[in-house]
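Have a look at work.cif below; it lists mmCIF, C-alpha atoms.
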```cif
data_run
loop_
_atom_site.label_atom_id
_atom_site.label_comp_id
_atom_site.auth_asym_id
_atom_site.auth_seq_id
_atom_site.Cartn_x
_atom_site.Cartn_y
_atom_site.Cartn_z
CA MET A 231 9.53 -44.97 -8.88
CA ASP A 232 6.60 -47.37 -8.91
CA LYS A 233 3.05 -46.27 -8.74
CA SER A 234 2.44 -46.89 -5.08
CA THR A 235 5.63 -45.08 -4.08
CA GLN A 236 4.56 -42.10 -6.19
CA GLY A 237 1.13 -42.22 -4.59
CA ARG A 238 2.57 -42.23 -1.10
CA LEU A 239 4.90 -39.35 -1.93
CA GLU A 240 2.02 -37.27 -3.29
CA ALA A 241 -0.05 -38.03 -0.22
CA ALA A 242 2.80 -36.96 2.05
CA VAL A 243 3.42 -33.77 0.08
CA GLU A 244 -0.27 -32.96 0.10
CA ALA A 245 -0.56 -33.50 3.85
CA LEU A 246 2.44 -31.34 4.71
CA ILE A 247 1.43 -28.48 2.45
CA PHE A 248 -2.14 -28.66 3.68
CA ALA A 249 -1.11 -28.54 7.32
CA SER A 250 1.22 -25.59 6.99
CA ASP A 251 0.31 -21.99 7.58
CA VAL A 252 3.38 -20.73 5.75
CA PRO A 253 4.94 -21.70 2.45
CA VAL A 254 6.83 -25.00 2.89
CA ALA A 255 10.14 -25.31 1.10
CA ALA A 256 10.72 -28.44 -0.97
CA SER A 257 13.86 -29.13 1.06
CA ARG A 258 11.78 -29.18 4.23
CA ILE A 259 9.35 -31.66 2.73
CA VAL A 260 12.26 -33.84 1.67
CA ALA A 261 13.71 -33.75 5.17
CA VAL A 262 10.45 -34.62 6.90
CA ILE A 263 9.68 -37.48 4.55
CA GLY A 264 13.22 -38.78 4.93
CA GLU A 265 12.83 -38.77 8.68
CA VAL A 266 9.50 -40.56 8.80
CA MET A 267 9.10 -42.80 5.82
CA ALA A 268 10.97 -45.99 5.23
CA GLU A 269 11.54 -45.31 1.56
CA PRO A 270 14.59 -43.54 0.23
CA ALA A 271 14.12 -39.80 0.60
CA PRO A 272 12.91 -38.12 -2.58
CA ASP A 273 14.78 -35.19 -4.11
CA ALA A 274 13.43 -31.69 -4.66
CA ASP A 275 12.53 -32.47 -8.27
CA ALA A 276 10.33 -35.31 -7.11
CA ILE A 277 8.51 -32.84 -4.85
CA THR A 278 7.96 -30.46 -7.75
CA GLN A 279 6.57 -33.34 -9.79
CA ALA A 280 4.33 -34.46 -6.97
CA VAL A 281 2.96 -30.91 -6.68
CA GLU A 282 2.32 -30.74 -10.41
CA SER A 283 0.61 -34.09 -10.32
CA LEU A 284 -1.55 -33.05 -7.38
CA ASN A 285 -2.54 -29.82 -9.12
CA ALA A 286 -3.43 -31.72 -12.28
CA ARG A 287 -5.58 -34.06 -10.24
CA TYR A 288 -7.32 -31.19 -8.43
CA ASP A 289 -8.03 -29.56 -11.75
CA ALA A 290 -9.28 -32.74 -13.42
CA GLN A 291 -11.55 -33.57 -10.53
CA GLY A 292 -12.91 -30.05 -10.17
CA HIS A 293 -11.42 -29.38 -6.74
CA VAL A 294 -11.10 -25.78 -5.63
CA LEU A 295 -7.66 -26.28 -4.12
CA ARG A 296 -4.39 -25.52 -5.85
CA ILE A 297 -0.83 -25.63 -4.63
CA ARG A 298 1.10 -22.45 -5.41
CA HIS A 299 4.80 -21.83 -5.45
CA TRP A 300 5.25 -18.77 -3.28
CA ALA A 301 8.16 -17.24 -1.41
CA GLY A 302 10.39 -20.22 -2.09
CA GLY A 303 7.85 -22.76 -0.86
CA TYR A 304 4.50 -24.37 -1.48
CA ARG A 305 1.21 -23.05 -0.22
CA MET A 306 -2.26 -24.45 -0.65
CA THR A 307 -4.93 -21.98 -1.74
CA THR A 308 -8.41 -21.91 -3.10
CA THR A 309 -8.98 -20.97 -6.72
CA ALA A 310 -9.73 -17.38 -7.65
CA GLU A 311 -13.32 -18.30 -8.55
CA MET A 312 -14.02 -18.93 -4.89
CA ALA A 313 -12.94 -15.44 -3.85
CA PRO A 314 -16.40 -13.83 -3.67
CA LEU A 315 -17.64 -16.63 -1.45
CA LEU A 316 -14.70 -16.50 0.92
CA GLU A 317 -14.71 -12.77 1.08
CA VAL A 318 -18.21 -12.82 2.45
CA PHE A 319 -17.56 -15.83 4.66
CA LEU A 320 -14.53 -14.30 6.33
CA ARG A 321 -16.26 -10.95 6.54
CA ARG A 322 -13.05 -9.38 5.62
CA GLU A 323 -12.93 -6.15 3.87
CA ARG A 324 -11.40 -6.48 0.51
CA ARG A 325 -7.72 -6.28 1.19
CA ARG A 326 -6.79 -2.68 1.33
CA LYS A 327 -4.60 -1.73 -1.53
CA LEU A 328 -1.39 0.06 -0.81
CA THR A 329 -1.55 3.75 -1.48
CA LEU A 330 0.21 5.05 -4.55
CA PRO A 331 3.30 6.42 -2.76
CA LEU A 332 3.73 3.12 -0.93
CA MET A 333 3.32 1.07 -4.07
CA GLU A 334 5.81 3.21 -5.96
CA THR A 335 8.32 3.01 -3.18
CA LEU A 336 7.87 -0.74 -3.04
CA ALA A 337 8.31 -1.01 -6.80
CA ILE A 338 11.56 0.94 -6.69
CA LEU A 339 12.81 -1.24 -3.88
CA CYS A 340 11.83 -4.46 -5.68
CA TYR A 341 14.00 -3.73 -8.64
CA ARG A 342 16.81 -1.85 -6.98
CA GLN A 343 17.29 -3.73 -3.75
CA PRO A 344 19.27 -3.48 -1.69
CA ALA A 345 18.67 0.25 -1.79
CA SER A 346 19.15 3.05 0.71
CA ARG A 347 16.65 5.72 1.56
CA PRO A 348 18.44 8.35 -0.55
CA ASP A 349 18.40 5.96 -3.55
CA VAL A 350 14.68 5.47 -3.27
CA SER A 351 14.01 9.14 -2.55
CA HIS A 352 15.92 10.19 -5.63
CA VAL A 353 13.84 8.16 -8.04
CA ARG A 354 10.54 9.58 -6.85
CA GLY A 355 11.92 13.00 -6.00
CA VAL A 356 10.23 12.70 -2.61
CA ASP A 357 11.75 11.84 0.73
CA ALA A 358 11.06 8.14 1.22
CA ASP A 359 11.19 8.24 5.02
CA TYR A 360 7.47 7.94 5.64
CA ALA A 361 6.84 5.34 2.94
CA LEU A 362 9.73 3.15 4.04
CA ARG A 363 8.67 3.21 7.66
CA LYS A 364 5.16 2.28 6.65
CA LEU A 365 6.39 -0.62 4.52
CA LEU A 366 8.57 -1.76 7.39
CA ASP A 367 5.51 -1.68 9.64
CA ILE A 368 3.48 -3.80 7.27
CA GLY A 369 6.43 -6.17 6.96
CA LEU A 370 6.87 -5.92 3.23
CA VAL A 371 10.40 -4.55 3.48
CA ASP A 372 13.19 -4.95 5.95
CA VAL A 373 16.64 -3.63 6.67
CA VAL A 374 19.09 -5.88 4.91
CA GLY A 375 22.38 -4.22 5.66
CA ARG A 376 24.37 -1.05 5.48
CA SER A 377 25.77 0.69 2.46
CA GLU A 378 29.46 1.42 2.15
CA ALA A 379 28.55 4.91 0.98
CA VAL A 380 29.20 7.99 3.10
CA GLY A 381 27.29 7.83 6.36
CA ARG A 382 26.75 4.10 5.90
CA PRO A 383 23.02 4.42 5.28
CA LEU A 384 20.77 1.45 5.96
CA LEU A 385 19.92 -0.71 3.00
CA TYR A 386 16.39 -1.94 2.50
CA GLY A 387 15.05 -4.94 0.65
CA THR A 388 11.80 -6.82 0.25
CA THR A 389 10.82 -9.64 2.60
CA GLN A 390 9.49 -13.18 2.23
CA ARG A 391 6.17 -11.75 3.26
CA PHE A 392 6.30 -9.48 0.24
CA LEU A 393 6.74 -12.51 -2.03
CA GLU A 394 3.86 -14.26 -0.35
CA GLU A 395 1.65 -11.20 -0.41
CA PHE A 396 2.22 -10.78 -4.12
CA GLY A 397 2.17 -14.50 -4.92
CA LEU A 398 5.69 -14.68 -6.28
CA PRO A 399 7.99 -17.71 -5.95
CA ASP A 400 11.06 -15.47 -5.86
CA LEU A 401 12.33 -12.07 -6.96
CA ASP A 402 13.23 -13.38 -10.42
CA ALA A 403 9.53 -13.86 -11.00
CA LEU A 404 8.90 -10.12 -10.83
CA PRO A 405 7.64 -8.78 -14.13
CA ASN A 406 10.46 -7.24 -16.10
CA LEU A 407 10.95 -3.58 -15.55
CA ARG A 408 10.07 -2.05 -18.86
CA GLY A 409 13.29 -1.02 -20.50
CA ILE A 410 13.73 2.59 -21.48
CA GLU A 411 13.86 1.52 -25.10
CA GLU A 412 10.47 -0.11 -24.81
CA LEU A 413 9.13 2.90 -23.02
CA LEU A 414 10.35 5.09 -25.83
CA SER A 415 8.60 2.98 -28.43
CA ASP A 416 5.36 3.71 -26.64
CA PRO A 417 3.10 5.58 -29.07
CA SER A 418 2.70 8.33 -26.50
CA PHE A 419 6.23 9.36 -27.26
CA SER A 420 7.30 10.72 -30.56
CA GLN A 421 9.31 7.94 -32.10
CA GLU A 422 11.36 10.17 -34.26
CA LYS A 423 12.41 12.23 -31.28
CA ALA A 424 13.00 9.14 -29.27
CA ARG A 425 15.44 7.76 -31.75
CA LEU A 426 17.29 11.04 -31.99
CA PHE A 427 17.41 11.24 -28.26
CA MET A 428 18.74 7.75 -27.96
CA LEU A 429 21.49 8.56 -30.38
CA GLN A 430 22.36 11.67 -28.48
CA GLY A 431 22.73 10.49 -24.99
CA LEU A 432 20.60 7.77 -23.60
CA SER A 433 22.04 4.84 -25.50
CA GLY A 434 24.77 4.28 -22.96
CA ALA A 435 22.38 4.53 -20.05
CA THR A 436 19.89 2.19 -21.68
CA GLU A 437 22.31 -0.66 -21.88
CA ALA A 438 23.23 -0.27 -18.25
CA GLU A 439 19.61 -0.02 -17.18
CA GLN A 440 18.26 -3.04 -18.99
CA PRO A 441 17.36 -5.68 -16.44
CA MET B 1182 -6.17 9.83 13.33
CA TYR B 1183 -6.13 11.30 9.87
CA ARG B 1184 -3.10 12.04 7.86
CA VAL B 1185 -4.15 14.72 5.53
CA LYS B 1186 -2.37 14.74 2.24
CA LEU B 1187 -2.72 18.16 0.81
CA ARG B 1188 -1.32 17.58 -2.61
CA ASP B 1189 -2.85 15.94 -5.56
CA PHE B 1190 0.52 14.95 -6.83
CA ASP B 1191 2.61 12.16 -5.65
CA GLY B 1192 5.79 14.18 -5.84
CA PRO B 1193 7.54 16.74 -7.97
CA LEU B 1194 8.28 14.34 -10.81
CA ASP B 1195 4.68 13.24 -10.85
CA LEU B 1196 3.57 16.85 -11.15
CA LEU B 1197 6.04 17.54 -13.90
CA LEU B 1198 4.99 14.47 -15.86
CA PHE B 1199 1.40 15.51 -15.46
CA LEU B 1200 2.08 19.01 -16.75
CA ILE B 1201 3.99 17.69 -19.73
CA GLN B 1202 1.27 15.21 -20.61
CA ARG B 1203 -1.54 17.66 -20.04
CA GLU B 1204 0.00 20.17 -22.38
CA GLU B 1205 0.76 17.33 -24.79
CA LEU B 1206 4.33 18.42 -24.83
CA ASP B 1207 7.12 16.43 -26.30
CA ILE B 1208 9.09 14.98 -23.45
CA PHE B 1209 12.26 15.16 -25.54
CA ASP B 1210 11.86 18.79 -26.33
CA ILE B 1211 10.43 20.28 -23.18
CA PRO B 1212 9.84 24.03 -23.50
CA ILE B 1213 11.66 24.56 -20.27
CA ALA B 1214 10.70 28.19 -19.67
CA ARG B 1215 7.01 27.49 -20.06
CA ILE B 1216 6.99 24.31 -18.03
CA THR B 1217 9.02 25.95 -15.27
CA ASP B 1218 6.46 28.73 -15.03
CA GLU B 1219 3.58 26.30 -14.84
CA TYR B 1220 5.37 24.18 -12.34
CA LEU B 1221 6.09 27.18 -10.15
CA THR B 1222 2.48 28.32 -10.34
CA HIS B 1223 1.40 24.97 -8.96
CA VAL B 1224 4.05 24.95 -6.29
CA ARG B 1225 3.12 28.44 -5.11
CA ARG B 1226 -0.47 27.38 -4.68
CA MET B 1227 0.65 24.43 -2.63
CA GLU B 1228 3.04 26.58 -0.66
CA ALA B 1229 0.20 28.79 0.47
CA VAL B 1230 -1.42 25.83 2.14
CA ASP B 1231 1.22 23.36 3.12
CA LEU B 1232 4.69 24.72 3.54
CA ASP B 1233 6.14 21.45 4.79
CA GLY B 1234 4.78 19.33 2.00
CA VAL B 1235 6.13 21.67 -0.61
CA ALA B 1236 9.79 21.19 0.29
CA ASP B 1237 10.28 18.27 -2.06
CA PHE B 1238 8.77 20.32 -4.85
CA LEU B 1239 11.07 23.27 -4.34
CA LEU B 1240 14.16 21.21 -5.03
CA LEU B 1241 12.95 20.34 -8.50
CA ALA B 1242 11.82 23.94 -8.99
CA ALA B 1243 15.38 25.09 -8.36
CA TYR B 1244 16.62 22.46 -10.77
CA LEU B 1245 14.19 23.56 -13.48
CA ILE B 1246 15.29 27.15 -13.06
CA SER B 1247 18.94 26.16 -13.31
CA ILE B 1248 18.19 24.36 -16.58
CA LYS B 1249 16.34 27.39 -17.83
CA VAL B 1250 19.32 29.56 -17.02
CA ARG B 1251 21.74 27.25 -18.74
CA MET B 1252 19.59 27.23 -21.84
CA LEU B 1253 19.59 31.00 -21.93
CA LEU B 1254 23.36 31.20 -21.73
CA PRO B 1255 25.12 31.40 -25.05
CA LYS B 1256 26.41 28.02 -26.11
CA PRO B 1257 30.16 27.65 -26.00
CA ALA B 1258 31.90 27.52 -29.32
CA PRO B 1259 31.85 23.93 -30.63
CA GLU B 1260 35.61 23.57 -30.42
CA ALA B 1261 35.73 24.79 -26.83
CA SER B 1262 34.58 21.57 -25.28
CA ASP B 1263 32.80 18.45 -26.46
CA GLN B 1264 31.33 17.80 -23.05
CA GLU B 1265 29.44 21.01 -22.73
CA THR B 1266 27.36 20.63 -25.87
CA GLU B 1267 25.02 18.25 -24.09
CA ASP B 1268 21.47 19.47 -23.78
CA PRO B 1269 20.98 20.61 -20.16
CA ARG B 1270 17.55 18.98 -20.24
CA LEU B 1271 18.99 15.52 -20.79
CA ALA B 1272 19.44 14.64 -17.12
CA LEU B 1273 15.92 15.81 -16.37
CA VAL B 1274 14.40 13.69 -19.13
CA GLU B 1275 16.36 10.71 -17.90
CA ARG B 1276 14.97 11.18 -14.43
CA LEU B 1277 11.45 11.58 -15.71
CA LEU B 1278 11.69 8.42 -17.79
CA GLU B 1279 13.21 6.55 -14.90
CA TYR B 1280 10.40 7.67 -12.62
CA ARG B 1281 7.84 6.67 -15.23
CA ARG B 1282 9.29 3.18 -15.39
CA TYR B 1283 8.78 2.67 -11.68
CA LYS B 1284 5.37 4.28 -11.80
CA GLU B 1285 4.39 1.66 -14.34
CA ALA B 1286 6.04 -1.09 -12.32
CA ALA B 1287 3.96 0.03 -9.34
CA GLU B 1288 0.79 -0.30 -11.40
CA ARG B 1289 1.72 -3.82 -12.39
CA LEU B 1290 2.56 -4.74 -8.83
CA ALA B 1291 -0.86 -3.52 -7.78
CA THR B 1292 -2.43 -5.84 -10.35
CA ILE B 1293 -0.37 -8.77 -9.16
CA GLN B 1294 -1.37 -8.09 -5.59
CA GLU B 1295 -5.00 -7.95 -6.53
CA LEU B 1296 -4.84 -11.30 -8.33
CA ARG B 1297 -3.08 -12.80 -5.36
CA ALA B 1298 -5.65 -11.45 -2.94
CA ALA B 1299 -8.31 -13.58 -4.63
CA LEU B 1300 -6.49 -16.74 -3.53
CA TYR B 1301 -7.30 -17.76 0.00
CA THR B 1302 -5.02 -19.82 2.18
CA ARG B 1303 -5.71 -21.77 5.28
CA GLY B 1304 -5.24 -19.63 8.31
CA SER B 1305 -7.13 -16.76 6.72
CA ALA B 1306 -9.98 -17.48 9.09
CA SER B 1307 -7.96 -17.93 12.25
CA ALA B 1308 -5.52 -15.09 11.84
CA PRO B 1309 -7.46 -11.87 11.76
CA ALA B 1310 -6.23 -9.45 9.19
CA ARG B 1311 -3.60 -7.34 10.83
CA ALA B 1312 -4.97 -4.09 11.95
CA GLU B 1313 -3.03 -1.89 9.67
CA PRO B 1314 -3.46 1.79 10.25
CA GLN B 1315 -5.82 2.77 7.53
CA GLU B 1316 -5.21 5.72 5.37
CA VAL B 1317 -8.38 7.50 4.64
CA LEU B 1318 -8.28 8.76 1.14
CA ILE B 1319 -10.52 11.67 0.46
CA ASN B 1320 -10.75 12.76 -3.09
CA ALA B 1321 -10.35 16.42 -2.45
CA SER B 1322 -8.07 19.04 -3.86
CA VAL B 1323 -6.30 21.82 -2.09
CA TYR B 1324 -9.14 24.09 -3.11
CA HIS B 1325 -11.66 22.04 -1.21
CA LEU B 1326 -9.59 22.54 1.88
CA ILE B 1327 -9.15 26.24 1.31
CA ARG B 1328 -12.88 26.59 0.79
CA ALA B 1329 -13.53 24.67 3.97
CA LEU B 1330 -11.10 26.84 5.85
CA ARG B 1331 -12.66 30.01 4.52
CA ARG B 1332 -16.10 28.86 5.56
CA VAL B 1333 -14.91 28.11 9.04
CA LEU B 1334 -13.16 31.45 9.32
CA THR B 1335 -15.97 33.61 7.94
CA GLU B 1336 -18.92 31.97 9.61
CA ALA B 1337 -19.82 33.79 12.76
CA PRO B 1338 -19.23 31.60 15.74
CA GLU B 1339 -22.48 30.38 17.28
CA ALA B 1340 -23.41 31.83 20.61
CA PRO B 1341 -22.44 29.26 23.18
CA ALA B 1342 -25.31 27.66 25.08
CA LEU B 1343 -23.69 28.24 28.43
CA VAL B 1344 -20.78 30.35 29.45
CA ILE B 1345 -18.80 29.18 32.36
CA ARG B 1346 -16.53 31.82 33.77
CA ALA B 1347 -13.50 30.69 35.58
CA ARG B 1348 -13.61 32.01 39.11
CA ASP B 1349 -10.07 31.90 40.01
CA CYS B 1350 -9.25 32.03 43.63
CA THR B 1351 -5.94 33.16 44.93
CA VAL B 1352 -4.03 31.81 47.87
CA GLU B 1353 -4.64 35.11 49.69
CA GLN B 1354 -8.38 34.90 49.18
CA GLN B 1355 -8.34 31.35 50.43
CA GLN B 1356 -6.43 32.31 53.55
CA GLN B 1357 -9.23 34.68 54.44
CA PHE B 1358 -11.76 32.00 53.55
CA VAL B 1359 -10.11 29.49 55.88
CA ILE B 1360 -9.84 31.96 58.78
CA LYS B 1361 -13.46 32.92 58.34
CA ALA B 1362 -14.60 29.32 58.18
CA LEU B 1363 -12.63 28.41 61.29
CA THR B 1364 -13.88 31.42 63.19
CA VAL B 1365 -17.43 30.40 62.51
CA GLY B 1366 -17.09 26.65 62.71
CA ARG B 1367 -14.23 26.13 65.16
CA ASP B 1368 -12.57 22.83 64.39
CA LEU B 1369 -13.04 21.79 60.83
CA GLU B 1370 -11.88 18.87 58.75
CA PHE B 1371 -10.04 19.76 55.60
CA SER B 1372 -12.42 17.58 53.65
CA ARG B 1373 -15.37 19.64 54.81
CA LEU B 1374 -13.68 22.88 53.85
CA ILE B 1375 -13.33 21.83 50.30
CA ARG B 1376 -16.39 19.66 49.85
CA GLY B 1377 -17.91 19.99 46.40
CA ARG B 1378 -15.35 22.47 45.17
CA ASN B 1379 -13.30 22.32 42.04
CA ARG B 1380 -9.69 21.40 41.74
CA ILE B 1381 -8.31 24.93 41.65
CA PHE B 1382 -10.22 25.74 44.81
CA VAL B 1383 -8.84 22.67 46.57
CA ILE B 1384 -5.27 23.39 45.57
CA THR B 1385 -5.30 27.07 46.51
CA THR B 1386 -7.02 26.27 49.79
CA PHE B 1387 -4.41 23.69 50.59
CA LEU B 1388 -1.64 26.17 49.82
CA ALA B 1389 -3.41 28.77 51.90
CA ILE B 1390 -3.55 26.37 54.86
CA LEU B 1391 0.15 25.63 54.58
CA GLU B 1392 0.82 29.34 54.63
CA LEU B 1393 -1.43 29.90 57.63
CA ILE B 1394 0.17 27.03 59.56
CA GLN B 1395 3.58 28.46 58.90
CA ARG B 1396 2.48 31.83 60.21
CA GLY B 1397 0.95 30.13 63.27
CA LEU B 1398 -2.54 31.42 62.47
CA VAL B 1399 -3.88 27.93 62.09
CA VAL B 1400 -2.87 24.69 63.76
CA LEU B 1401 -3.38 21.09 62.91
CA VAL B 1402 -5.47 19.65 65.68
CA SER B 1403 -5.55 16.10 64.68
CA THR B 1404 -4.10 13.86 62.05
CA ALA B 1405 -5.97 10.82 63.23
CA PHE B 1406 -7.11 10.10 59.72
CA ASP B 1407 -4.75 8.98 57.04
CA ASP B 1408 -6.39 11.06 54.41
CA ASP B 1409 -7.74 14.05 56.27
CA PHE B 1410 -6.82 16.47 59.02
CA VAL B 1411 -8.62 18.77 61.41
CA LEU B 1412 -7.85 22.46 61.57
CA ALA B 1413 -8.31 24.99 64.28
CA LEU B 1414 -7.38 28.60 64.71
CA GLY B 1415 -3.91 29.01 66.12
CA ALA B 1416 -3.02 30.84 69.32
CA SER B 1417 -1.77 33.90 67.50
CA GLY B 1418 -4.93 33.96 65.42
CA GLY B 1419 -6.95 34.66 68.52
#
```
Rewrite the structure from the file as structure tokens, please.
Amino acid sequence: MDKSTQGRLEAAVEALIFASDVPVAASRIVAVIGEVMAEPAPDADAITQAVESLNARYDAQGHVLRIRHWAGGYRMTTTAEMAPLLEVFLRRERRRKLTLPLMETLAILCYRQPASRPDVSHVRGVDADYALRKLLDIGLVDVVGRSEAVGRPLLYGTTQRFLEEFGLPDLDALPNLRGIEELLSDPSFSQEKARLFMLQGLSGATEAEQP
Amino acid sequence: MYRVKLRDFDGPLDLLLFLIQREELDIFDIPIARITDEYLTHVRRMEAVDLDGVADFLLLAAYLISIKVRMLLPKPAPEASDQETEDPRLALVERLLEYRRYKEAAERLATIQELRAALYTRGSASAPARAEPQEVLINASVYHLIRALRRVLTEAPEAPALVIRARDCTVEQQQQFVIKALTVGRDLEFSRLIRGRNRIFVITTFLAILELIQRGLVVLVSTAFDDDFVLALGASGG
């Protein structure tokens, strides 16, 4: 790809991502460029490269814009340093954090999805009805199907909006759930006991639980 | 609209973890009798205030007691069964650890969300933040609420500035009222009969008129108006 072609591709990518109010998938960018521009349509890798190149340029030139990979697409944002300014400008209250029960329910769902209400309730030992409904309201989770278990309970999973809200490209980008083994090596637990315990019963479970 | 959360703890497992950590107990060798007692003490206090909210806690209470019972039972002879030699606390510890994992995951998610919230996108200005019902979090324990309740209950109610006594009128009273009014005033519009009166008065008067018409004591003279009528004493009323 010669220099001017690369330049035109970057310009097109920049324009599309700038104009969008939602994350734009690379495949969508490819399709639009293919439809409009005379040149052979780029592939998704070329888009990724163009984005990287744009970000490098923004950084080098001290721009406050960056293109992020969120929810399976690209989204243009300001840098974190600009947050105080924008917060005041938009007169928006600092985004309200989710309450602890909601965050815990969301965490369980993230790693266990698709999960039914009884699944989620069991982990916290609290009926998840209220928390799930609230998360549904906010749009962070959605019904994704029905379980084959008795009563065919609804299965819940996280949404694209969740990924965007938490700035994640996809679910694989979630931080690893700390394995039980790692948890046990925490100094707050007695290591000696932990090892004994592992030998006794948890070893089987640990292997199954490791993400 | 406030949703009042009466418990400090985010659920039974949260409470149990707290108790274990507070007492600096070894999670792998939980003194089950002691922790059950402490747990139940907490639950009873909650129960006194919020019976609904305590339901989730009772389930675990029952479970703790069942573990306690199993630990008191004599262990079966080793050769009897290999399965039964498992520590009855094992399943509980597994659940506690599992819960702790997600509790930690929730903390990390909160951090991620906070970092993300510092990045602004286009459209932030045009699309107003969705009006999400806001939970008002008051840092208060059950005791604050009990104290507040006690204050409300013990404080003598202030003398009201004005006492309005309901003067209820009955249909019978209103029948007499209508007859009297018609005797004095001859033909009268309904609207004049009830001018400036309260709702109860209007309704009972209306019912009284219906009754009087049925008994022939009062007649409708005119219904020229869509929203009013004129009354007069009936023939039998004299």
Mind checking which residues fall within 10 Å of Arg238 of chain A, counting all atoms listed in the file, ignoring those fewer than 5 positions away in the same chain, and posting them as a PyMOL selection string? chain A and resi 233+243-244+267+269+280
Rounded to one decimal in Å, what is the spacing between atom CA of Asp1191 of chain B and atom CA of Pro405 of chain A?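 Pair atom CA of Asp1191 of chain B / atom CA of Pro405 of chain A returns 23.1 Å.
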Considering only C-alpha atoms, tabulate each residue of chain A that lies at most 7 Å from chain B along with its nearest interatomic pair and the corresponding distance in Å to one decimal; arrange the rows by chain and ascending residue number and present them as a Markdown table.
```
| residue | atom | partner | partner_atom | distance |
| --- | --- | --- | --- | --- |
| A:Asp251 | CA | B:Gly1304 | CA | 6.1 |
| A:Met306 | CA | B:Thr1302 | CA | 6.1 |
| A:Thr307 | CA | B:Thr1302 | CA | 4.5 |
| A:Thr308 | CA | B:Tyr1301 | CA | 5.3 |
| A:Thr309 | CA | B:Leu1300 | CA | 5.9 |
| A:Ala310 | CA | B:Ala1299 | CA | 5.1 |
| A:Ala313 | CA | B:Ala1299 | CA | 5.1 |
| A:Leu320 | CA | B:Ala1306 | CA | 6.2 |
| A:Arg325 | CA | B:Ala1298 | CA | 6.9 |
| A:Pro331 | CA | B:Asp1191 | CA | 6.5 |
| A:Met333 | CA | B:Ala1287 | CA | 5.4 |
| A:Glu334 | CA | B:Ala1287 | CA | 5.0 |
| A:Ala337 | CA | B:Ala1287 | CA | 5.1 |
| A:Ile338 | CA | B:Tyr1283 | CA | 6.0 |
| A:Val353 | CA | B:Tyr1280 | CA | 5.7 |
| A:Arg354 | CA | B:Tyr1280 | CA | 6.1 |
| A:Gly355 | CA | B:Pro1193 | CA | 6.1 |
| A:Val356 | CA | B:Asp1237 | CA | 5.6 |
| A:Glu395 | CA | B:Gln1294 | CA | 6.8 |
| A:Phe396 | CA | B:Gln1294 | CA | 4.7 |
| A:Gly397 | CA | B:Arg1297 | CA | 5.5 |
| A:Leu407 | CA | B:Ala1286 | CA | 6.4 |
| A:Arg408 | CA | B:Arg1282 | CA | 6.3 |
| A:Lys423 | CA | B:Phe1209 | CA | 6.4 |
```
Keeping only C-alpha atoms, write the selected residues as a JSON list (two decimals), in the coordinates of the input.
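Writing done, so here's out-v9.json:
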```json
[["chain", "number", "residue", "atom", "x", "y", "z"],
["A", 251, "ASP", "CA", 0.31, -21.99, 7.58],
["A", 306, "MET", "CA", -2.26, -24.45, -0.65],
["A", 307, "THR", "CA", -4.93, -21.98, -1.74],
["A", 308, "THR", "CA", -8.41, -21.91, -3.10],
["A", 309, "THR", "CA", -8.98, -20.97, -6.72],
["A", 310, "ALA", "CA", -9.73, -17.38, -7.65],
["A", 313, "ALA", "CA", -12.94, -15.44, -3.85],
["A", 320, "LEU", "CA", -14.53, -14.30, 6.33],
["A", 325, "ARG", "CA", -7.72, -6.28, 1.19],
["A", 331, "PRO", "CA", 3.30, 6.42, -2.76],
["A", 333, "MET", "CA", 3.32, 1.07, -4.07],
["A", 334, "GLU", "CA", 5.81, 3.21, -5.96],
["A", 337, "ALA", "CA", 8.31, -1.01, -6.80],
["A", 338, "ILE", "CA", 11.56, 0.94, -6.69],
["A", 353, "VAL", "CA", 13.84, 8.16, -8.04],
["A", 354, "ARG", "CA", 10.54, 9.58, -6.85],
["A", 355, "GLY", "CA", 11.92, 13.00, -6.00],
["A", 356, "VAL", "CA", 10.23, 12.70, -2.61],
["A", 395, "GLU", "CA", 1.65, -11.20, -0.41],
["A", 396, "PHE", "CA", 2.22, -10.78, -4.12],
["A", 397, "GLY", "CA", 2.17, -14.50, -4.92],
["A", 407, "LEU", "CA", 10.95, -3.58, -15.55],
["A", 408, "ARG", "CA", 10.07, -2.05, -18.86],
["A", 423, "LYS", "CA", 12.41, 12.23, -31.28]]
```
Take the point (19.0, 30.1, -19.9) as written in the file and pick out every residue within 12 Å of it, counting all atoms listed in the file; give the list as a short mmCIF file (atom, residue, chain, number, x, y, z; two decimals) with C-alpha atoms, in the frame of the given file.
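And here's point35.cif as it stands now:
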```
data_model
loop_
_atom_site.label_atom_id
_atom_site.label_comp_id
_atom_site.auth_asym_id
_atom_site.auth_seq_id
_atom_site.Cartn_x
_atom_site.Cartn_y
_atom_site.Cartn_z
CA PRO B 1212 9.84 24.03 -23.50
CA ILE B 1213 11.66 24.56 -20.27
CA ALA B 1214 10.70 28.19 -19.67
CA THR B 1217 9.02 25.95 -15.27
CA LEU B 1245 14.19 23.56 -13.48
CA ILE B 1246 15.29 27.15 -13.06
CA SER B 1247 18.94 26.16 -13.31
CA ILE B 1248 18.19 24.36 -16.58
CA LYS B 1249 16.34 27.39 -17.83
CA VAL B 1250 19.32 29.56 -17.02
CA ARG B 1251 21.74 27.25 -18.74
CA MET B 1252 19.59 27.23 -21.84
CA LEU B 1253 19.59 31.00 -21.93
CA LEU B 1254 23.36 31.20 -21.73
CA PRO B 1255 25.12 31.40 -25.05
CA LYS B 1256 26.41 28.02 -26.11
CA ASP B 1268 21.47 19.47 -23.78
CA PRO B 1269 20.98 20.61 -20.16
CA ARG B 1270 17.55 18.98 -20.24
#
```
